[in-house]
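Right, one structure below, let's go through it.
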Amino acid sequence: MKFLEESLIALDVEAASPEEAIISTGKLLMNSKLVEETYVHAMVRSFQTNGPYFVLAPNIALPHARPEDGVKEACVSFVRLKTPVKFGHSSNDPVRLVFALGASSSTEHVTVLQKLTALLSNQENVEKLLNAQSYEEIKPLIGGRI
């Protein structure tokens, strides 16, 4: 499992729309050969079809698609947006922290979600993610979760 490794994190990314934000997180996974390009497109389609169901808390979105859409290995990438983007969620917009999730089975899906929940359920961790200047500041937050 590849969980928020340095190559899977980008800070202060420009995105003008939810789709651009999703593509940014998906490209990190694709460039690391963890998902196929079809998976990135499937995440965007899922948002366009189902709306912002994956905007789980204020500032936080977790786009994903189905394993058969092109996941090679369980993985999570993270993009912090330079400017918040409205995804259309009634209470959790706008979003600055976007985590793309790839899982090749439902068991992996649950495992990855548990790791993310442990990280994001602590508001202090969320604040650190919102304000970190480098991967070195983020690494201690995820060190025990890999």
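Scheme for the structure tokens: letters A, B, ... for chains in order shown; per-chain residue numbers from 1; ligand numbers from 1 in order shown.
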Exercise for the section: Mind checking which residues fall within 12 Å of segment 112-115 of chain A, counting only C-alpha atoms, ignoring those fewer than 4 positions away in the same chain, and posting them as an MDAnalysis selection string? Expected result: chainID A and resid 1:4 54 56 62:64 73:77 99:108 119:121 141:146
Secondary structure check, helix (DSSP H, G or I) residues of segment 70-130 of chain A, as number ranges by chain: A: 106-120, 123-130
Could you write out that same residue set with C-alpha atoms as a compact mmCIF listing (two decimals), in the first residue's frame?
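Saved result, result_16.txt, follows:
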# COMPACT_ATOMS: atom_id res chain seq x y z
CA SER A 106 -13.32 -3.79 -0.49
CA THR A 107 -10.96 -4.99 2.24
CA GLU A 108 -8.28 -2.58 1.03
CA HIS A 109 -10.91 0.16 0.76
CA VAL A 110 -11.80 -0.25 4.43
CA THR A 111 -8.13 -0.38 5.49
CA VAL A 112 -7.27 2.80 3.59
CA LEU A 113 -10.35 4.59 4.94
CA GLN A 114 -9.41 3.62 8.50
CA LYS A 115 -5.94 5.10 8.03
CA LEU A 116 -7.35 8.32 6.61
CA THR A 117 -10.00 8.55 9.32
CA ALA A 118 -7.34 8.19 12.01
CA LEU A 119 -5.39 11.05 10.43
CA LEU A 120 -8.30 13.38 9.66
CA GLN A 123 -8.54 18.62 13.99
CA GLU A 124 -4.95 19.46 14.91
CA ASN A 125 -3.75 17.19 12.07
CA VAL A 126 -6.13 18.89 9.66
CA GLU A 127 -4.76 22.30 10.67
CA LYS A 128 -1.22 21.06 10.12
CA LEU A 129 -2.15 19.78 6.65
CA LEU A 130 -3.72 23.15 5.84
### Message
Which residues are near Asn50 of chain A? Cut-off 12 Å, only C-alpha atoms, ignore same chain within fewer than 3 positions. Put them as a list in words.
### Response
Ala42, Met43, Val44, Arg45, Ser46, Phe47, Tyr53, Phe54, Val55, Pro63, His64, Ala65, Phe87, Gly88 and His89 of chain A
Atom CA of Lys72 of chain A sits from atom CA of Gly51 of chain A at a separation of 25.3 Å
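For the residues A:Ile138, A:Asn131, A:Ala61, A:Arg96, ranking by smallest atom-to-atom distance to Thr83 of chain A using only C-alpha atoms places A:Arg96 first.
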I'd like to know which of A:Ser134, A:Ser7, A:Thr49, A:Ser91 is closest to Leu28 of chain A, using only C-alpha atoms.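 Going through A:Ser134, A:Ser7, A:Thr49, A:Ser91 one by one, the smallest distance to Leu28 of chain A is for A:Ser7.
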From the list A:Ile60, A:Leu8, A:Val71, A:Leu34, the nearest residue to Pro84 of chain A using only C-alpha atoms is A:Ile60
| Smallest atom-to-atom distance to Asn122 of chain A: which of A:Ala57, A:Val98, A:Ala21, A:Ala15, using only C-alpha atoms? |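 With only C-alpha atoms as the atom set, the closest residue is A:Ala57.
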So which bits of segment 12-140 of chain A end up strand (DSSP E) when you DSSP the backbone, as a list in words?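 So, restricting segment 12-140 of chain A to strand (DSSP E), we get Asp12, Val13, Val55, Leu56, Ala57, Asn59, Ile60, Ala61, Cys75, Val76, Ser77, Phe78, Val79, Arg80, Leu81, Lys82, Thr83, Pro84, Val85, Val95, Arg96, Leu97, Val98, Phe99, Ala100, Leu101 and Gly102 of chain A.
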For the selection you just gave me, I'd like the residues written to a file as an mmCIF file, in the first residue's frame, keeping N, CA, C and O atoms.
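That gives us result_15.cif:
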data_model
loop_
_atom_site.group_PDB
_atom_site.id
_atom_site.type_symbol
_atom_site.label_atom_id
_atom_site.label_comp_id
_atom_site.auth_asym_id
_atom_site.auth_seq_id
_atom_site.Cartn_x
_atom_site.Cartn_y
_atom_site.Cartn_z
ATOM 1 N N ASP A 12 -0.327 23.366 -2.462
ATOM 2 C CA ASP A 12 -0.679 24.641 -3.096
ATOM 3 C C ASP A 12 -0.852 24.524 -4.609
ATOM 4 O O ASP A 12 -0.323 25.312 -5.394
ATOM 5 N N VAL A 13 -1.625 23.535 -4.981
ATOM 6 C CA VAL A 13 -1.940 23.269 -6.384
ATOM 7 C C VAL A 13 -3.082 24.191 -6.824
ATOM 8 O O VAL A 13 -4.043 24.414 -6.093
ATOM 9 N N VAL A 55 -17.264 14.662 -0.221
ATOM 10 C CA VAL A 55 -16.799 15.802 0.575
ATOM 11 C C VAL A 55 -17.254 15.496 1.998
ATOM 12 O O VAL A 55 -18.392 15.724 2.378
ATOM 13 N N LEU A 56 -16.340 14.909 2.771
ATOM 14 C CA LEU A 56 -16.690 14.254 4.024
ATOM 15 C C LEU A 56 -16.751 15.171 5.231
ATOM 16 O O LEU A 56 -17.404 14.845 6.220
ATOM 17 N N ALA A 57 -16.040 16.294 5.173
ATOM 18 C CA ALA A 57 -15.984 17.224 6.297
ATOM 19 C C ALA A 57 -15.575 18.580 5.732
ATOM 20 O O ALA A 57 -15.142 18.664 4.580
ATOM 21 N N ASN A 59 -13.559 21.338 4.344
ATOM 22 C CA ASN A 59 -12.224 21.380 3.726
ATOM 23 C C ASN A 59 -11.756 20.071 3.116
ATOM 24 O O ASN A 59 -10.722 20.057 2.467
ATOM 25 N N ILE A 60 -12.459 18.951 3.317
ATOM 26 C CA ILE A 60 -11.902 17.635 2.977
ATOM 27 C C ILE A 60 -12.757 16.889 1.953
ATOM 28 O O ILE A 60 -13.941 16.658 2.158
ATOM 29 N N ALA A 61 -12.093 16.480 0.856
ATOM 30 C CA ALA A 61 -12.745 15.652 -0.164
ATOM 31 C C ALA A 61 -11.918 14.389 -0.378
ATOM 32 O O ALA A 61 -10.687 14.421 -0.304
ATOM 33 N N CYS A 75 -3.702 2.743 -2.600
ATOM 34 C CA CYS A 75 -2.933 3.977 -2.555
ATOM 35 C C CYS A 75 -3.797 5.164 -2.149
ATOM 36 O O CYS A 75 -5.013 5.143 -2.308
ATOM 37 N N VAL A 76 -3.116 6.184 -1.635
ATOM 38 C CA VAL A 76 -3.763 7.458 -1.323
ATOM 39 C C VAL A 76 -2.798 8.575 -1.692
ATOM 40 O O VAL A 76 -1.627 8.547 -1.305
ATOM 41 N N SER A 77 -3.311 9.551 -2.447
ATOM 42 C CA SER A 77 -2.537 10.750 -2.742
ATOM 43 C C SER A 77 -3.222 11.939 -2.072
ATOM 44 O O SER A 77 -4.385 11.851 -1.664
ATOM 45 N N PHE A 78 -2.502 13.044 -1.985
ATOM 46 C CA PHE A 78 -3.019 14.232 -1.306
ATOM 47 C C PHE A 78 -2.584 15.478 -2.047
ATOM 48 O O PHE A 78 -1.408 15.650 -2.352
ATOM 49 N N VAL A 79 -3.569 16.332 -2.325
ATOM 50 C CA VAL A 79 -3.303 17.641 -2.904
ATOM 51 C C VAL A 79 -3.934 18.683 -1.996
ATOM 52 O O VAL A 79 -5.116 18.577 -1.649
ATOM 53 N N ARG A 80 -3.123 19.655 -1.609
ATOM 54 C CA ARG A 80 -3.681 20.821 -0.921
ATOM 55 C C ARG A 80 -3.833 21.915 -1.963
ATOM 56 O O ARG A 80 -2.878 22.272 -2.648
ATOM 57 N N LEU A 81 -5.052 22.387 -2.108
ATOM 58 C CA LEU A 81 -5.336 23.410 -3.108
ATOM 59 C C LEU A 81 -4.882 24.779 -2.609
ATOM 60 O O LEU A 81 -5.064 25.113 -1.431
ATOM 61 N N LYS A 82 -4.328 25.568 -3.502
ATOM 62 C CA LYS A 82 -3.881 26.913 -3.149
ATOM 63 C C LYS A 82 -5.078 27.780 -2.776
ATOM 64 O O LYS A 82 -5.030 28.535 -1.805
ATOM 65 N N THR A 83 -6.133 27.644 -3.551
ATOM 66 C CA THR A 83 -7.366 28.389 -3.310
ATOM 67 C C THR A 83 -8.499 27.379 -3.144
ATOM 68 O O THR A 83 -8.614 26.460 -3.961
ATOM 69 N N PRO A 84 -9.328 27.537 -2.113
ATOM 70 C CA PRO A 84 -10.429 26.586 -1.916
ATOM 71 C C PRO A 84 -11.352 26.518 -3.136
ATOM 72 O O PRO A 84 -11.546 27.512 -3.836
ATOM 73 N N VAL A 85 -11.891 25.320 -3.372
ATOM 74 C CA VAL A 85 -12.794 25.083 -4.502
ATOM 75 C C VAL A 85 -14.140 24.594 -3.960
ATOM 76 O O VAL A 85 -14.185 23.751 -3.075
ATOM 77 N N VAL A 95 -13.494 23.258 -0.395
ATOM 78 C CA VAL A 95 -12.523 22.196 -0.139
ATOM 79 C C VAL A 95 -11.111 22.704 -0.417
ATOM 80 O O VAL A 95 -10.883 23.381 -1.420
ATOM 81 N N ARG A 96 -10.166 22.368 0.468
ATOM 82 C CA ARG A 96 -8.746 22.638 0.216
ATOM 83 C C ARG A 96 -7.905 21.380 0.247
ATOM 84 O O ARG A 96 -6.822 21.333 -0.312
ATOM 85 N N LEU A 97 -8.379 20.348 0.946
ATOM 86 C CA LEU A 97 -7.611 19.115 1.104
ATOM 87 C C LEU A 97 -8.293 18.003 0.315
ATOM 88 O O LEU A 97 -9.413 17.613 0.639
ATOM 89 N N VAL A 98 -7.622 17.504 -0.714
ATOM 90 C CA VAL A 98 -8.210 16.485 -1.586
ATOM 91 C C VAL A 98 -7.327 15.239 -1.517
ATOM 92 O O VAL A 98 -6.132 15.296 -1.823
ATOM 93 N N PHE A 99 -7.927 14.135 -1.107
ATOM 94 C CA PHE A 99 -7.240 12.851 -0.990
ATOM 95 C C PHE A 99 -7.852 11.894 -1.995
ATOM 96 O O PHE A 99 -9.034 11.585 -1.907
ATOM 97 N N ALA A 100 -7.070 11.426 -2.960
ATOM 98 C CA ALA A 100 -7.566 10.430 -3.918
ATOM 99 C C ALA A 100 -7.258 9.048 -3.373
ATOM 100 O O ALA A 100 -6.130 8.764 -2.972
ATOM 101 N N LEU A 101 -8.257 8.215 -3.374
ATOM 102 C CA LEU A 101 -8.149 6.868 -2.821
ATOM 103 C C LEU A 101 -8.253 5.850 -3.941
ATOM 104 O O LEU A 101 -9.147 5.929 -4.781
ATOM 105 N N GLY A 102 -7.338 4.899 -3.941
ATOM 106 C CA GLY A 102 -7.407 3.771 -4.866
ATOM 107 C C GLY A 102 -7.316 2.484 -4.067
ATOM 108 O O GLY A 102 -6.419 2.328 -3.255
#
Env of Val35 of chain A: 7 Å cut, atoms = only C-alpha atoms, seq-sep filter 2 positions within chain, self excluded. Answer as an MDAnalysis selection string. chainID A and resid 29:30 33 37 39 70:72
